[in-house]
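Structure file input-v9.txt; described as compact mmCIF, C-alpha atoms.
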# COMPACT_ATOMS: atom_id res chain seq x y z
CA MET A 769 -4.09 0.84 -13.72
CA ALA A 770 -3.33 2.38 -10.34
CA VAL A 771 -4.54 5.91 -9.69
CA CYS A 772 -2.58 6.29 -6.43
CA ILE A 773 0.24 4.52 -4.62
CA GLY A 774 1.23 5.11 -1.03
CA PHE A 775 3.89 3.90 1.38
CA ILE A 776 3.03 4.29 5.06
CA GLY A 777 5.64 3.89 7.78
CA LYS A 778 5.40 1.58 10.76
CA GLU A 779 4.30 4.50 12.93
CA ASN A 780 1.46 5.17 10.41
CA SER A 781 3.08 8.28 8.99
CA PRO A 782 2.98 8.68 5.20
CA LEU A 783 6.36 8.10 3.58
CA PHE A 784 5.26 8.48 -0.03
CA LEU A 785 2.00 9.31 -1.77
CA ARG A 786 1.81 9.71 -5.52
CA CYS A 787 -1.37 10.17 -7.54
CA ILE A 788 -1.96 10.36 -11.27
CA ASN A 789 -4.20 13.38 -10.83
CA PRO A 790 -2.72 15.81 -8.24
CA SER A 791 -6.10 17.50 -7.75
CA GLN A 792 -7.42 14.28 -6.15
CA GLU A 793 -4.47 13.83 -3.80
CA LEU A 794 -6.40 14.96 -0.71
CA GLN A 795 -9.21 12.48 -1.42
CA PHE A 796 -6.71 9.64 -1.83
CA HIS A 797 -4.82 10.74 1.27
CA TYR A 798 -8.06 10.28 3.22
CA ILE A 799 -8.58 6.81 1.68
CA MET A 800 -5.00 5.86 2.62
CA HIS A 801 -5.66 6.72 6.26
CA THR A 802 -8.90 4.76 6.14
CA CYS A 803 -6.96 1.77 4.83
CA ILE A 804 -4.52 1.97 7.75
CA ASP A 805 -7.38 1.02 10.09
CA PHE A 806 -8.23 -2.01 7.95
CA VAL A 807 -4.55 -3.03 7.80
CA GLU A 808 -4.27 -2.89 11.59
CA GLU A 809 -7.43 -5.00 11.95
CA LYS A 810 -6.15 -7.62 9.50
CA ILE A 811 -2.78 -7.81 11.28
CA ILE A 812 -4.49 -8.30 14.65
CA GLN A 813 -6.82 -10.96 13.20
CA SER A 814 -3.93 -12.88 11.63
CA ASN A 815 -2.02 -12.80 14.93
CA LYS A 816 -5.04 -14.10 16.87
CA SER A 817 -5.85 -16.85 14.39
CA GLY A 818 -2.24 -18.04 14.32
CA SER A 819 -2.12 -17.91 10.54
CA ASP A 820 1.08 -17.78 8.53
CA VAL A 821 2.77 -14.48 9.35
CA ARG A 822 4.72 -14.59 6.10
CA GLU A 823 1.59 -13.72 4.10
CA LEU A 824 2.29 -10.07 3.33
CA TYR A 825 -0.53 -9.45 0.84
CA LEU A 826 -3.67 -8.25 2.62
CA GLY A 827 -6.07 -8.15 -0.31
CA LEU A 828 -8.93 -5.72 -0.79
CA LEU A 829 -9.06 -3.16 2.02
CA TYR A 830 -11.55 -0.57 0.80
CA SER A 831 -14.06 -0.43 -2.00
CA SER A 832 -16.32 2.33 -3.24
CA GLU A 833 -18.07 3.13 -6.49
CA GLU A 834 -15.02 5.02 -7.79
CA VAL A 835 -12.00 3.18 -6.41
CA LYS A 836 -10.72 -0.02 -4.79
CA ALA A 837 -7.78 -0.08 -2.39
CA TYR A 838 -5.49 -3.07 -1.88
CA GLY A 839 -2.91 -3.49 0.85
CA PHE A 840 0.45 -5.08 1.55
CA VAL A 841 2.55 -5.00 4.69
CA THR A 842 6.28 -5.66 4.82
CA ASN A 843 8.11 -7.59 7.54
CA THR A 844 9.17 -4.24 9.01
CA LYS A 845 5.51 -3.11 9.24
CA VAL A 846 5.73 -0.63 6.35
CA LYS A 847 2.38 -0.62 4.59
CA ILE A 848 1.95 -0.29 0.83
CA VAL A 849 -1.47 0.70 -0.49
CA ILE A 850 -2.53 0.78 -4.13
CA ILE A 851 -5.72 2.55 -5.15
CA ILE A 852 -7.18 1.33 -8.43
CA ASP A 853 -10.02 2.77 -10.47
CA SER A 854 -13.13 0.61 -10.01
CA THR A 855 -13.89 0.69 -13.71
CA ASN A 856 -10.75 -1.38 -14.30
CA SER A 857 -12.28 -4.82 -13.75
CA LEU A 858 -9.63 -6.62 -15.79
CA LEU A 859 -7.08 -6.78 -12.96
CA ARG A 860 -6.94 -10.14 -11.24
CA ASP A 861 -5.65 -10.86 -7.79
CA ASN A 862 -2.38 -12.39 -9.00
CA GLU A 863 -1.65 -9.28 -11.12
CA ILE A 864 -2.14 -7.05 -8.09
CA ARG A 865 0.21 -9.32 -6.11
CA ALA A 866 2.80 -8.89 -8.89
CA ILE A 867 2.48 -5.10 -8.63
CA PHE A 868 3.03 -5.32 -4.88
CA ARG A 869 6.08 -7.55 -5.38
CA LYS A 870 7.62 -4.97 -7.72
CA LEU A 871 6.86 -2.12 -5.31
CA HIS A 872 8.28 -4.11 -2.41
CA ASN A 873 11.47 -4.81 -4.37
CA ALA A 874 11.80 -1.09 -5.18
CA TYR A 875 11.32 -0.23 -1.50
CA THR A 876 13.90 -2.85 -0.51
CA GLU A 877 16.42 -1.31 -2.92
CA LEU A 878 15.69 2.12 -1.42
CA VAL A 879 16.25 0.92 2.13
CA CYS A 880 19.54 -0.70 1.06
CA ASN A 881 20.76 2.69 -0.18
CA PRO A 882 23.32 3.98 2.35
CA PHE A 883 22.14 7.57 1.83
CA TYR A 884 18.54 6.83 2.86
CA THR A 885 17.53 6.87 6.51
CA PRO A 886 14.66 4.43 7.16
CA GLY A 887 11.50 6.27 8.20
CA ASP A 888 12.31 9.44 6.26
CA PRO A 889 9.81 10.55 3.60
CA ILE A 890 10.53 9.09 0.19
CA THR A 891 11.19 11.56 -2.62
CA SER A 892 10.91 10.71 -6.27
CA LYS A 893 11.87 12.59 -9.40
Can I see the file as structure tokens?
Amino acid sequence: MAVCIGFIGKENSPLFLRCINPSQELQFHYIMHTCIDFVEEKIIQSNKSGSDVRELYLGLLYSSEEVKAYGFVTNTKVKIVIIIDSTNSLLRDNEIRAIFRKLHNAYTELVCNPFYTPGDPITSK
């Protein structure tokens, strides 16, 4: 499904970036930073239009022949980006929303951990 998942802090610093293929990590890191610009634009547009600020799912942010990137922003301005292989056309929008809900719940559990300082890079075993 997803070839890369990234969590980006509110100051646009990467907190976590994990790819299936480590040799492509630099390419996906570049795509993550490209997506930050689109996230910022969508946040500004939603603030100007007066739309519901509780809508956290941002939808498709970036698309190329190889990959598609989808975005999600938390209430604390932490951005979650999922990069999916473009050949996987079976994923629907509601399935991607479900993935984001699970990732957001995992991030919420991490932040509730008393040994984690918010804003620090996330490590995973």
Handout entry: Contacts of Ser831 (chain A) within 10 Å, only C-alpha atoms, excl. fewer than 4 positions in-chain, as number ranges by chain
Key = A: 799, 835-838, 851-854
Problem - Spatial neighbours of Asn843 (chain A), 12 Å, all atoms listed in the file, chain gap at least 5 places, as a ChimeraX atom specification - result: /A:777-778,811,821-825,848,872,876
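Considering only C-alpha atoms, the residue among A:Val846, A:Leu794, A:Cys880, A:Met800 positioned nearest to Glu779 (chain A) is A:Val846.
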Practice task
Find the distance between CA of Thr842 (chain A) and CA of Gln813 (chain A) and write it in Å to one decimal.
Solution key: 16.4 Å
Handout entry: Nearest candidate to Ile776 (chain A) (options A:Asn881, A:Asn873, A:Thr844, A:Ser817; using all atoms listed in the file)
Key =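 Smallest distance to Ile776 (chain A) is found for A:Thr844.
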Exercise for the section: Go ahead and compute the interatomic distance for CA of Gln792 (chain A) and CA of Asn856 (chain A), in Å to one decimal. Expected result: 18.0 Å
Completion exercise
Judged by all atoms listed in the file, the minimum distance to Asn862 (chain A) among A:Glu833, A:Phe806, A:Gly827, A:Ala874 is found for A:Gly827
Exercise for the section: Considering all atoms listed in the file, state which residue in the set A:Val849, A:Cys772, A:Leu785, A:Ala866 is at the smallest distance from Thr802 (chain A). Expected result: A:Val849
Problem - Which of A:Ser832, A:Asn815, A:Ile890, A:Asn789 sits closest to Thr855 (chain A) [using only C-alpha atoms] - result: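 Selected residue with least distance to Thr855 (chain A): A:Ser832.
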Output region 878-889 of chain A with all heavy atoms present, as a PDB file, in the frame of the given file.
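What ended up in result-v2.pdb:
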ATOM      1  N   LEU A 878      15.567   0.804  -2.038  1.00  0.00           N
ATOM      2  CA  LEU A 878      15.690   2.120  -1.420  1.00  0.00           C
ATOM      3  C   LEU A 878      16.278   2.014  -0.024  1.00  0.00           C
ATOM      4  O   LEU A 878      17.178   2.774   0.348  1.00  0.00           O
ATOM      5  CB  LEU A 878      14.332   2.827  -1.364  1.00  0.00           C
ATOM      6  CG  LEU A 878      14.295   4.121  -0.565  1.00  0.00           C
ATOM      7  CD1 LEU A 878      14.993   5.235  -1.336  1.00  0.00           C
ATOM      8  CD2 LEU A 878      12.888   4.496  -0.220  1.00  0.00           C
ATOM      9  N   VAL A 879      15.785   1.069   0.758  1.00  0.00           N
ATOM     10  CA  VAL A 879      16.250   0.920   2.130  1.00  0.00           C
ATOM     11  C   VAL A 879      17.720   0.475   2.155  1.00  0.00           C
ATOM     12  O   VAL A 879      18.465   0.824   3.064  1.00  0.00           O
ATOM     13  CB  VAL A 879      15.349  -0.067   2.899  1.00  0.00           C
ATOM     14  CG1 VAL A 879      15.901  -0.397   4.262  1.00  0.00           C
ATOM     15  CG2 VAL A 879      13.962   0.522   3.042  1.00  0.00           C
ATOM     16  N   CYS A 880      18.144  -0.264   1.140  1.00  0.00           N
ATOM     17  CA  CYS A 880      19.540  -0.700   1.060  1.00  0.00           C
ATOM     18  C   CYS A 880      20.487   0.426   0.662  1.00  0.00           C
ATOM     19  O   CYS A 880      21.710   0.272   0.767  1.00  0.00           O
ATOM     20  CB  CYS A 880      19.672  -1.857   0.085  1.00  0.00           C
ATOM     21  SG  CYS A 880      18.921  -3.374   0.689  1.00  0.00           S
ATOM     22  N   ASN A 881      19.950   1.540   0.203  1.00  0.00           N
ATOM     23  CA  ASN A 881      20.760   2.690  -0.180  1.00  0.00           C
ATOM     24  C   ASN A 881      21.377   3.290   1.082  1.00  0.00           C
ATOM     25  O   ASN A 881      20.672   3.642   2.023  1.00  0.00           O
ATOM     26  CB  ASN A 881      19.876   3.723  -0.887  1.00  0.00           C
ATOM     27  CG  ASN A 881      20.645   4.916  -1.393  1.00  0.00           C
ATOM     28  OD1 ASN A 881      21.801   5.144  -1.025  1.00  0.00           O
ATOM     29  ND2 ASN A 881      20.007   5.688  -2.239  1.00  0.00           N
ATOM     30  N   PRO A 882      22.689   3.450   1.135  1.00  0.00           N
ATOM     31  CA  PRO A 882      23.320   3.980   2.350  1.00  0.00           C
ATOM     32  C   PRO A 882      22.995   5.450   2.623  1.00  0.00           C
ATOM     33  O   PRO A 882      23.192   5.920   3.738  1.00  0.00           O
ATOM     34  CB  PRO A 882      24.818   3.790   2.088  1.00  0.00           C
ATOM     35  CG  PRO A 882      24.945   3.683   0.615  1.00  0.00           C
ATOM     36  CD  PRO A 882      23.665   3.093   0.116  1.00  0.00           C
ATOM     37  N   PHE A 883      22.458   6.159   1.645  1.00  0.00           N
ATOM     38  CA  PHE A 883      22.140   7.570   1.830  1.00  0.00           C
ATOM     39  C   PHE A 883      20.692   7.787   2.272  1.00  0.00           C
ATOM     40  O   PHE A 883      20.273   8.912   2.483  1.00  0.00           O
ATOM     41  CB  PHE A 883      22.409   8.353   0.545  1.00  0.00           C
ATOM     42  CG  PHE A 883      23.845   8.284   0.132  1.00  0.00           C
ATOM     43  CD1 PHE A 883      24.221   7.543  -0.969  1.00  0.00           C
ATOM     44  CD2 PHE A 883      24.825   8.940   0.855  1.00  0.00           C
ATOM     45  CE1 PHE A 883      25.546   7.459  -1.343  1.00  0.00           C
ATOM     46  CE2 PHE A 883      26.150   8.868   0.494  1.00  0.00           C
ATOM     47  CZ  PHE A 883      26.525   8.127  -0.615  1.00  0.00           C
ATOM     48  N   TYR A 884      19.925   6.722   2.410  1.00  0.00           N
ATOM     49  CA  TYR A 884      18.540   6.830   2.860  1.00  0.00           C
ATOM     50  C   TYR A 884      18.441   6.393   4.307  1.00  0.00           C
ATOM     51  O   TYR A 884      18.952   5.350   4.698  1.00  0.00           O
ATOM     52  CB  TYR A 884      17.618   5.953   2.003  1.00  0.00           C
ATOM     53  CG  TYR A 884      16.184   5.950   2.488  1.00  0.00           C
ATOM     54  CD1 TYR A 884      15.363   7.052   2.315  1.00  0.00           C
ATOM     55  CD2 TYR A 884      15.674   4.846   3.162  1.00  0.00           C
ATOM     56  CE1 TYR A 884      14.068   7.050   2.777  1.00  0.00           C
ATOM     57  CE2 TYR A 884      14.369   4.838   3.624  1.00  0.00           C
ATOM     58  CZ  TYR A 884      13.577   5.940   3.433  1.00  0.00           C
ATOM     59  OH  TYR A 884      12.286   5.949   3.902  1.00  0.00           O
ATOM     60  N   THR A 885      17.779   7.212   5.123  1.00  0.00           N
ATOM     61  CA  THR A 885      17.530   6.870   6.510  1.00  0.00           C
ATOM     62  C   THR A 885      16.128   6.287   6.620  1.00  0.00           C
ATOM     63  O   THR A 885      15.161   6.963   6.256  1.00  0.00           O
ATOM     64  CB  THR A 885      17.637   8.123   7.422  1.00  0.00           C
ATOM     65  OG1 THR A 885      18.911   8.735   7.200  1.00  0.00           O
ATOM     66  CG2 THR A 885      17.461   7.758   8.874  1.00  0.00           C
ATOM     67  N   PRO A 886      15.983   5.034   7.077  1.00  0.00           N
ATOM     68  CA  PRO A 886      14.660   4.430   7.160  1.00  0.00           C
ATOM     69  C   PRO A 886      13.715   5.271   8.018  1.00  0.00           C
ATOM     70  O   PRO A 886      14.077   5.765   9.081  1.00  0.00           O
ATOM     71  CB  PRO A 886      14.916   3.076   7.804  1.00  0.00           C
ATOM     72  CG  PRO A 886      16.324   2.766   7.433  1.00  0.00           C
ATOM     73  CD  PRO A 886      17.031   4.089   7.419  1.00  0.00           C
ATOM     74  N   GLY A 887      12.493   5.463   7.510  1.00  0.00           N
ATOM     75  CA  GLY A 887      11.500   6.270   8.200  1.00  0.00           C
ATOM     76  C   GLY A 887      11.380   7.674   7.641  1.00  0.00           C
ATOM     77  O   GLY A 887      10.405   8.370   7.929  1.00  0.00           O
ATOM     78  N   ASP A 888      12.384   8.122   6.883  1.00  0.00           N
ATOM     79  CA  ASP A 888      12.310   9.440   6.260  1.00  0.00           C
ATOM     80  C   ASP A 888      11.326   9.397   5.085  1.00  0.00           C
ATOM     81  O   ASP A 888      11.145   8.359   4.468  1.00  0.00           O
ATOM     82  CB  ASP A 888      13.681   9.883   5.737  1.00  0.00           C
ATOM     83  CG  ASP A 888      14.601  10.344   6.844  1.00  0.00           C
ATOM     84  OD1 ASP A 888      14.142  10.448   7.998  1.00  0.00           O
ATOM     85  OD2 ASP A 888      15.778  10.574   6.551  1.00  0.00           O
ATOM     86  N   PRO A 889      10.685  10.530   4.780  1.00  0.00           N
ATOM     87  CA  PRO A 889       9.810  10.550   3.600  1.00  0.00           C
ATOM     88  C   PRO A 889      10.596  10.206   2.332  1.00  0.00           C
ATOM     89  O   PRO A 889      11.767  10.534   2.200  1.00  0.00           O
ATOM     90  CB  PRO A 889       9.319  12.004   3.554  1.00  0.00           C
ATOM     91  CG  PRO A 889       9.460  12.493   4.951  1.00  0.00           C
ATOM     92  CD  PRO A 889      10.658  11.773   5.526  1.00  0.00           C
TER      93      PRO A 889
END
